[in-house]
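Peer 1: This is input-v9.cif (mmCIF, N, CA, C and O atoms and all ligand atoms).
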data_target
loop_
_atom_site.label_atom_id
_atom_site.label_comp_id
_atom_site.auth_asym_id
_atom_site.auth_seq_id
_atom_site.Cartn_x
_atom_site.Cartn_y
_atom_site.Cartn_z
N MET A 21 -13.07 -46.62 189.30
CA MET A 21 -13.32 -45.33 189.94
C MET A 21 -12.97 -44.20 188.98
O MET A 21 -11.96 -44.25 188.30
N TYR A 22 -13.80 -43.20 188.97
CA TYR A 22 -13.51 -42.05 188.12
C TYR A 22 -12.33 -41.26 188.67
O TYR A 22 -12.22 -41.06 189.87
N PRO A 23 -11.50 -40.79 187.78
CA PRO A 23 -10.49 -39.82 188.22
C PRO A 23 -11.17 -38.50 188.58
O PRO A 23 -12.32 -38.26 188.24
N ARG A 24 -10.46 -37.65 189.26
CA ARG A 24 -11.05 -36.38 189.69
C ARG A 24 -11.19 -35.38 188.56
O ARG A 24 -12.10 -34.55 188.57
N TRP A 25 -10.26 -35.44 187.64
CA TRP A 25 -10.21 -34.37 186.66
C TRP A 25 -9.60 -34.89 185.38
O TRP A 25 -8.59 -35.58 185.40
N ILE A 26 -10.25 -34.59 184.26
CA ILE A 26 -9.75 -35.00 182.94
C ILE A 26 -9.91 -33.82 181.99
O ILE A 26 -10.93 -33.13 182.01
N GLU A 27 -8.92 -33.63 181.17
CA GLU A 27 -9.07 -32.66 180.09
C GLU A 27 -8.33 -33.20 178.89
O GLU A 27 -7.18 -33.63 179.02
N ALA A 28 -8.98 -33.23 177.73
CA ALA A 28 -8.35 -33.83 176.56
C ALA A 28 -8.84 -33.15 175.29
O ALA A 28 -10.00 -32.74 175.19
N MET A 29 -7.95 -33.05 174.32
CA MET A 29 -8.33 -32.57 173.01
C MET A 29 -8.67 -33.77 172.13
O MET A 29 -7.95 -34.76 172.11
N VAL A 30 -9.79 -33.66 171.42
CA VAL A 30 -10.21 -34.75 170.54
C VAL A 30 -10.40 -34.20 169.14
O VAL A 30 -11.15 -33.24 168.93
N ASP A 31 -9.72 -34.82 168.19
CA ASP A 31 -9.91 -34.44 166.80
C ASP A 31 -11.05 -35.26 166.22
O ASP A 31 -10.93 -36.47 166.04
N GLY A 32 -12.16 -34.62 165.92
CA GLY A 32 -13.31 -35.32 165.38
C GLY A 32 -13.58 -34.91 163.94
O GLY A 32 -12.83 -34.11 163.36
N ASP A 33 -14.66 -35.46 163.39
CA ASP A 33 -15.01 -35.16 162.00
C ASP A 33 -15.33 -33.69 161.80
O ASP A 33 -15.15 -33.15 160.72
N THR A 34 -15.82 -33.04 162.83
CA THR A 34 -16.23 -31.64 162.68
C THR A 34 -15.21 -30.68 163.28
O THR A 34 -15.50 -29.52 163.51
N GLY A 35 -14.01 -31.18 163.57
CA GLY A 35 -12.99 -30.30 164.10
C GLY A 35 -12.47 -30.78 165.44
O GLY A 35 -12.77 -31.89 165.87
N ARG A 36 -11.72 -29.93 166.08
CA ARG A 36 -11.10 -30.30 167.35
C ARG A 36 -11.95 -29.81 168.51
O ARG A 36 -12.44 -28.69 168.50
N HIS A 37 -12.15 -30.68 169.49
CA HIS A 37 -12.98 -30.33 170.64
C HIS A 37 -12.23 -30.59 171.93
O HIS A 37 -11.40 -31.49 172.01
N LEU A 38 -12.57 -29.81 172.92
CA LEU A 38 -11.97 -29.97 174.23
C LEU A 38 -12.97 -30.65 175.16
O LEU A 38 -14.05 -30.13 175.41
N VAL A 39 -12.62 -31.84 175.63
CA VAL A 39 -13.48 -32.58 176.55
C VAL A 39 -12.94 -32.39 177.96
O VAL A 39 -11.74 -32.51 178.20
N ASN A 40 -13.84 -32.11 178.86
CA ASN A 40 -13.44 -31.80 180.23
C ASN A 40 -14.33 -32.57 181.21
O ASN A 40 -15.55 -32.62 181.04
N TYR A 41 -13.72 -33.15 182.21
CA TYR A 41 -14.48 -33.83 183.27
C TYR A 41 -13.99 -33.30 184.60
O TYR A 41 -12.80 -33.30 184.89
N ARG A 42 -14.93 -32.83 185.40
CA ARG A 42 -14.56 -32.30 186.70
C ARG A 42 -15.75 -32.39 187.64
O ARG A 42 -16.86 -32.07 187.25
N LYS A 43 -15.52 -32.84 188.84
CA LYS A 43 -16.56 -32.91 189.88
C LYS A 43 -17.82 -33.62 189.38
O LYS A 43 -18.95 -33.18 189.59
N GLY A 44 -17.61 -34.73 188.67
CA GLY A 44 -18.74 -35.55 188.27
C GLY A 44 -19.47 -35.10 187.03
O GLY A 44 -20.49 -35.68 186.66
N ARG A 45 -19.01 -34.05 186.39
CA ARG A 45 -19.71 -33.55 185.21
C ARG A 45 -18.78 -33.53 184.01
O ARG A 45 -17.65 -33.06 184.10
N TRP A 46 -19.31 -34.01 182.90
CA TRP A 46 -18.57 -33.96 181.64
C TRP A 46 -19.02 -32.75 180.85
O TRP A 46 -20.19 -32.37 180.88
N SER A 47 -18.08 -32.17 180.13
CA SER A 47 -18.46 -31.14 179.18
C SER A 47 -17.59 -31.28 177.95
O SER A 47 -16.52 -31.89 177.98
N CYS A 48 -18.10 -30.73 176.85
CA CYS A 48 -17.37 -30.79 175.59
C CYS A 48 -17.66 -29.51 174.84
O CYS A 48 -18.75 -28.94 174.96
N THR A 49 -16.70 -29.07 174.06
CA THR A 49 -16.88 -27.81 173.34
C THR A 49 -17.75 -27.96 172.10
O THR A 49 -18.05 -26.96 171.46
N CYS A 50 -18.15 -29.17 171.75
CA CYS A 50 -19.14 -29.30 170.69
C CYS A 50 -20.51 -28.96 171.27
O CYS A 50 -20.69 -28.88 172.48
N ALA A 51 -21.50 -28.78 170.41
CA ALA A 51 -22.76 -28.22 170.87
C ALA A 51 -23.75 -29.24 171.42
O ALA A 51 -24.83 -28.88 171.86
N ARG A 52 -23.38 -30.51 171.41
CA ARG A 52 -24.35 -31.53 171.82
C ARG A 52 -24.61 -31.49 173.32
O ARG A 52 -23.70 -31.36 174.13
N LEU A 53 -25.87 -31.67 173.67
CA LEU A 53 -26.25 -31.68 175.08
C LEU A 53 -26.12 -33.07 175.69
O LEU A 53 -25.93 -33.21 176.89
N THR A 54 -26.24 -34.08 174.86
CA THR A 54 -26.12 -35.45 175.34
C THR A 54 -24.69 -35.92 175.14
O THR A 54 -23.85 -35.21 174.61
N ARG A 55 -24.45 -37.15 175.55
CA ARG A 55 -23.11 -37.72 175.39
C ARG A 55 -22.70 -37.69 173.91
O ARG A 55 -23.42 -38.17 173.06
N CYS A 56 -21.54 -37.15 173.67
CA CYS A 56 -21.06 -37.08 172.29
C CYS A 56 -19.93 -38.07 172.08
O CYS A 56 -19.38 -38.63 173.04
N SER A 57 -19.55 -38.24 170.84
CA SER A 57 -18.50 -39.21 170.52
C SER A 57 -17.16 -38.79 171.10
O SER A 57 -16.31 -39.62 171.39
N HIS A 58 -16.96 -37.48 171.28
CA HIS A 58 -15.69 -37.00 171.84
C HIS A 58 -15.56 -37.43 173.30
O HIS A 58 -14.53 -37.90 173.74
N ARG A 59 -16.63 -37.22 174.04
CA ARG A 59 -16.65 -37.63 175.43
C ARG A 59 -16.46 -39.14 175.54
O ARG A 59 -15.70 -39.63 176.38
N THR A 60 -17.16 -39.88 174.69
CA THR A 60 -17.05 -41.34 174.72
C THR A 60 -15.62 -41.78 174.44
O THR A 60 -15.10 -42.67 175.12
N ALA A 61 -14.97 -41.12 173.51
CA ALA A 61 -13.59 -41.48 173.18
C ALA A 61 -12.67 -41.26 174.38
O ALA A 61 -11.81 -42.09 174.69
N VAL A 62 -12.87 -40.17 175.08
CA VAL A 62 -12.04 -39.88 176.24
C VAL A 62 -12.34 -40.87 177.37
O VAL A 62 -11.43 -41.35 178.04
N GLU A 63 -13.61 -41.18 177.55
CA GLU A 63 -13.97 -42.16 178.58
C GLU A 63 -13.31 -43.51 178.32
O GLU A 63 -12.84 -44.17 179.25
N LEU A 64 -13.29 -43.89 177.07
CA LEU A 64 -12.74 -45.20 176.73
C LEU A 64 -11.27 -45.33 177.10
O LEU A 64 -10.79 -46.42 177.38
N VAL A 65 -10.56 -44.24 177.10
CA VAL A 65 -9.12 -44.31 177.41
C VAL A 65 -8.79 -43.85 178.82
O VAL A 65 -7.64 -43.90 179.22
N THR A 66 -9.80 -43.39 179.56
CA THR A 66 -9.48 -42.88 180.89
C THR A 66 -10.23 -43.56 182.02
O THR A 66 -9.75 -43.60 183.14
N VAL A 67 -11.44 -44.06 181.75
CA VAL A 67 -12.28 -44.57 182.83
C VAL A 67 -12.37 -46.09 182.74
O VAL A 67 -12.95 -46.62 181.80
N PRO A 68 -11.81 -46.80 183.70
CA PRO A 68 -11.78 -48.27 183.63
C PRO A 68 -13.08 -48.90 184.12
O PRO A 68 -13.11 -49.63 185.10
N LEU A 69 -14.16 -48.64 183.43
CA LEU A 69 -15.45 -49.18 183.86
C LEU A 69 -15.89 -50.37 183.00
O LEU A 69 -16.83 -51.05 183.35
N GLY A 70 -15.23 -50.58 181.89
CA GLY A 70 -15.61 -51.67 181.04
C GLY A 70 -16.53 -51.24 179.92
O GLY A 70 -17.17 -50.22 180.01
N PRO A 71 -16.59 -52.02 178.86
CA PRO A 71 -17.34 -51.62 177.66
C PRO A 71 -18.84 -51.55 177.87
O PRO A 71 -19.52 -50.85 177.16
N ALA A 72 -19.37 -52.24 178.89
CA ALA A 72 -20.82 -52.26 179.07
C ALA A 72 -21.36 -50.91 179.53
O ALA A 72 -22.52 -50.60 179.31
N THR A 73 -20.53 -50.10 180.17
CA THR A 73 -21.03 -48.84 180.70
C THR A 73 -20.66 -47.64 179.85
O THR A 73 -21.07 -46.55 180.13
N VAL A 74 -19.87 -47.88 178.81
CA VAL A 74 -19.45 -46.77 177.96
C VAL A 74 -19.98 -47.02 176.56
O VAL A 74 -19.58 -47.97 175.89
N GLN A 75 -20.92 -46.21 176.14
CA GLN A 75 -21.46 -46.37 174.80
C GLN A 75 -21.95 -45.04 174.26
O GLN A 75 -22.47 -44.20 175.00
N ALA A 76 -21.78 -44.85 173.00
CA ALA A 76 -22.24 -43.64 172.36
C ALA A 76 -23.73 -43.75 172.10
O ALA A 76 -24.28 -44.85 171.98
N ASP A 77 -24.41 -42.61 172.00
CA ASP A 77 -25.84 -42.65 171.72
C ASP A 77 -26.11 -42.33 170.26
O ASP A 77 -27.19 -41.95 169.90
N THR A 78 -25.12 -42.47 169.45
CA THR A 78 -25.33 -42.23 168.02
C THR A 78 -25.21 -43.52 167.26
O THR A 78 -24.54 -44.43 167.71
ZN ZN B 1 -18.22 -33.38 171.79
#
Just give me the structure of the file as structure tokens.
Ligand SMILES: [Zn+2]
Peer 2:
Amino acid sequence: MYPRWIEAMVDGDTGRHLVNYRKGRWSCTCARLTRCSHRTAVELVTVPLGPATVQADT
């Protein structure tokens, strides 16, 4: 089950980004419109759905 609210700082190759999850929507301060590696990283440590449902699109 998804938690209600997540906020995390992620240090990536292009700098630090803030990933936020609230009310079913993910957002990230990087400019990508699709799932980014920052969001994926946060999902991997917060959402217990298993590896089959969490994958980067890069
Ligand atoms: Zn991002």
Peer 1: Give me the residues within 8 Å of A:Val62 as number ranges by chain, counting all atoms listed in the file and dropping any in the same chain fewer than 3 places off.
Peer 2: A: 28-30, 39, 56-59, 65-68
Peer 1: Would you mind listing the residues within 9 Å of ligand ZN 1 (chain B), counting only C-alpha atoms and all ligand atoms, as number ranges by chain?
Peer 2: A: 30, 32, 36-39, 47-60
Peer 1: One decimal, Å: what's the distance from atom O of A:Arg24 over to atom O of A:Leu64, could you say?
Peer 2: 16.4 Å
Peer 1: I'd like the interatomic distance between atom O of A:Asp31 and atom O of A:Lys43, to a tenth of an Å.
Peer 2: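 That distance, rounded to one decimal, is 25.1 Å.
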Peer 1: In Å, with one decimal, what is the gap from atom CA of A:Asn40 to atom CA of A:Glu27?
Peer 2: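 Going from atom CA of A:Asn40 over to atom CA of A:Glu27, I get 4.5 Å.
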Peer 1: Dig up all the protein and nucleic acid residues within 6 Å of (-10.1, -35.5, 187.0) in the file frame, using all atoms listed in the file, and format them as number ranges by chain.
Peer 2: A: 23-26, 41-42
Peer 1: Hey, could you pull the box centre and edge lengths for stretch 51-69 of chain A, axis-aligned, 6 Å padding per side, all listed atoms, to one decimal in Å, as lines of an AutoDock Vina configuration file?
Peer 2:
center_x = -16.9
center_y = -39.6
center_z = 177.8
size_x = 30.6
size_y = 34.8
size_z = 26.7
Peer 1: All heavy atoms are what I want for stretch 50-61 of chain A; can you complete it accordingly and write them as an mmCIF file, in the coordinates of the input?
Peer 2:
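Generated file (selection-v9.cif):
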data_model
loop_
_atom_site.group_PDB
_atom_site.id
_atom_site.type_symbol
_atom_site.label_atom_id
_atom_site.label_comp_id
_atom_site.auth_asym_id
_atom_site.auth_seq_id
_atom_site.Cartn_x
_atom_site.Cartn_y
_atom_site.Cartn_z
ATOM 1 N N CYS A 50 -18.150 -29.170 171.750
ATOM 2 C CA CYS A 50 -19.140 -29.300 170.690
ATOM 3 C C CYS A 50 -20.510 -28.960 171.270
ATOM 4 O O CYS A 50 -20.690 -28.880 172.480
ATOM 5 C CB CYS A 50 -19.110 -30.688 170.063
ATOM 6 S SG CYS A 50 -19.879 -31.992 171.045
ATOM 7 N N ALA A 51 -21.500 -28.780 170.410
ATOM 8 C CA ALA A 51 -22.760 -28.220 170.870
ATOM 9 C C ALA A 51 -23.750 -29.240 171.420
ATOM 10 O O ALA A 51 -24.830 -28.880 171.860
ATOM 11 C CB ALA A 51 -23.420 -27.464 169.709
ATOM 12 N N ARG A 52 -23.380 -30.510 171.410
ATOM 13 C CA ARG A 52 -24.350 -31.530 171.820
ATOM 14 C C ARG A 52 -24.610 -31.490 173.320
ATOM 15 O O ARG A 52 -23.700 -31.360 174.130
ATOM 16 C CB ARG A 52 -23.838 -32.902 171.422
ATOM 17 C CG ARG A 52 -23.794 -33.061 169.915
ATOM 18 C CD ARG A 52 -23.626 -34.501 169.555
ATOM 19 N NE ARG A 52 -24.691 -35.318 170.110
ATOM 20 C CZ ARG A 52 -24.789 -36.624 169.907
ATOM 21 N NH1 ARG A 52 -23.889 -37.237 169.187
ATOM 22 N NH2 ARG A 52 -25.768 -37.291 170.425
ATOM 23 N N LEU A 53 -25.870 -31.670 173.670
ATOM 24 C CA LEU A 53 -26.250 -31.680 175.080
ATOM 25 C C LEU A 53 -26.120 -33.070 175.690
ATOM 26 O O LEU A 53 -25.930 -33.210 176.890
ATOM 27 C CB LEU A 53 -27.698 -31.191 175.256
ATOM 28 C CG LEU A 53 -27.924 -29.736 174.817
ATOM 29 C CD1 LEU A 53 -29.403 -29.393 174.927
ATOM 30 C CD2 LEU A 53 -27.100 -28.785 175.657
ATOM 31 N N THR A 54 -26.240 -34.080 174.860
ATOM 32 C CA THR A 54 -26.120 -35.450 175.340
ATOM 33 C C THR A 54 -24.690 -35.920 175.140
ATOM 34 O O THR A 54 -23.850 -35.210 174.610
ATOM 35 C CB THR A 54 -27.088 -36.382 174.584
ATOM 36 O OG1 THR A 54 -26.816 -36.261 173.189
ATOM 37 C CG2 THR A 54 -28.526 -35.996 174.857
ATOM 38 N N ARG A 55 -24.450 -37.150 175.550
ATOM 39 C CA ARG A 55 -23.110 -37.720 175.390
ATOM 40 C C ARG A 55 -22.700 -37.690 173.910
ATOM 41 O O ARG A 55 -23.420 -38.170 173.060
ATOM 42 C CB ARG A 55 -23.140 -39.169 175.868
ATOM 43 C CG ARG A 55 -21.813 -39.874 175.690
ATOM 44 C CD ARG A 55 -22.004 -41.352 175.791
ATOM 45 N NE ARG A 55 -22.456 -41.740 177.121
ATOM 46 C CZ ARG A 55 -21.629 -42.090 178.104
ATOM 47 N NH1 ARG A 55 -20.346 -42.101 177.901
ATOM 48 N NH2 ARG A 55 -22.105 -42.434 179.265
ATOM 49 N N CYS A 56 -21.540 -37.150 173.670
ATOM 50 C CA CYS A 56 -21.060 -37.080 172.290
ATOM 51 C C CYS A 56 -19.930 -38.070 172.080
ATOM 52 O O CYS A 56 -19.380 -38.630 173.040
ATOM 53 C CB CYS A 56 -20.625 -35.656 171.959
ATOM 54 S SG CYS A 56 -19.206 -35.118 172.915
ATOM 55 N N SER A 57 -19.550 -38.240 170.840
ATOM 56 C CA SER A 57 -18.500 -39.210 170.520
ATOM 57 C C SER A 57 -17.160 -38.790 171.100
ATOM 58 O O SER A 57 -16.310 -39.620 171.390
ATOM 59 C CB SER A 57 -18.396 -39.366 169.011
ATOM 60 O OG SER A 57 -18.148 -38.125 168.401
ATOM 61 N N HIS A 58 -16.960 -37.480 171.280
ATOM 62 C CA HIS A 58 -15.690 -37.000 171.840
ATOM 63 C C HIS A 58 -15.560 -37.430 173.300
ATOM 64 O O HIS A 58 -14.530 -37.900 173.740
ATOM 65 C CB HIS A 58 -15.611 -35.476 171.732
ATOM 66 C CG HIS A 58 -16.107 -34.964 170.414
ATOM 67 N ND1 HIS A 58 -17.237 -34.213 170.289
ATOM 68 C CD2 HIS A 58 -15.627 -35.182 169.166
ATOM 69 C CE1 HIS A 58 -17.435 -33.945 169.005
ATOM 70 N NE2 HIS A 58 -16.489 -34.522 168.294
ATOM 71 N N ARG A 59 -16.630 -37.220 174.040
ATOM 72 C CA ARG A 59 -16.650 -37.630 175.430
ATOM 73 C C ARG A 59 -16.460 -39.140 175.540
ATOM 74 O O ARG A 59 -15.700 -39.630 176.380
ATOM 75 C CB ARG A 59 -17.969 -37.227 176.081
ATOM 76 C CG ARG A 59 -18.123 -37.846 177.449
ATOM 77 C CD ARG A 59 -19.500 -37.582 178.008
ATOM 78 N NE ARG A 59 -19.789 -38.582 179.042
ATOM 79 C CZ ARG A 59 -20.880 -38.574 179.789
ATOM 80 N NH1 ARG A 59 -21.771 -37.629 179.637
ATOM 81 N NH2 ARG A 59 -21.073 -39.514 180.675
ATOM 82 N N THR A 60 -17.160 -39.880 174.690
ATOM 83 C CA THR A 60 -17.050 -41.340 174.720
ATOM 84 C C THR A 60 -15.620 -41.780 174.440
ATOM 85 O O THR A 60 -15.100 -42.670 175.120
ATOM 86 C CB THR A 60 -17.991 -41.954 173.677
ATOM 87 O OG1 THR A 60 -19.315 -41.566 174.003
ATOM 88 C CG2 THR A 60 -17.894 -43.469 173.687
ATOM 89 N N ALA A 61 -14.970 -41.120 173.510
ATOM 90 C CA ALA A 61 -13.590 -41.480 173.180
ATOM 91 C C ALA A 61 -12.670 -41.260 174.380
ATOM 92 O O ALA A 61 -11.810 -42.090 174.690
ATOM 93 C CB ALA A 61 -13.116 -40.650 171.990
#
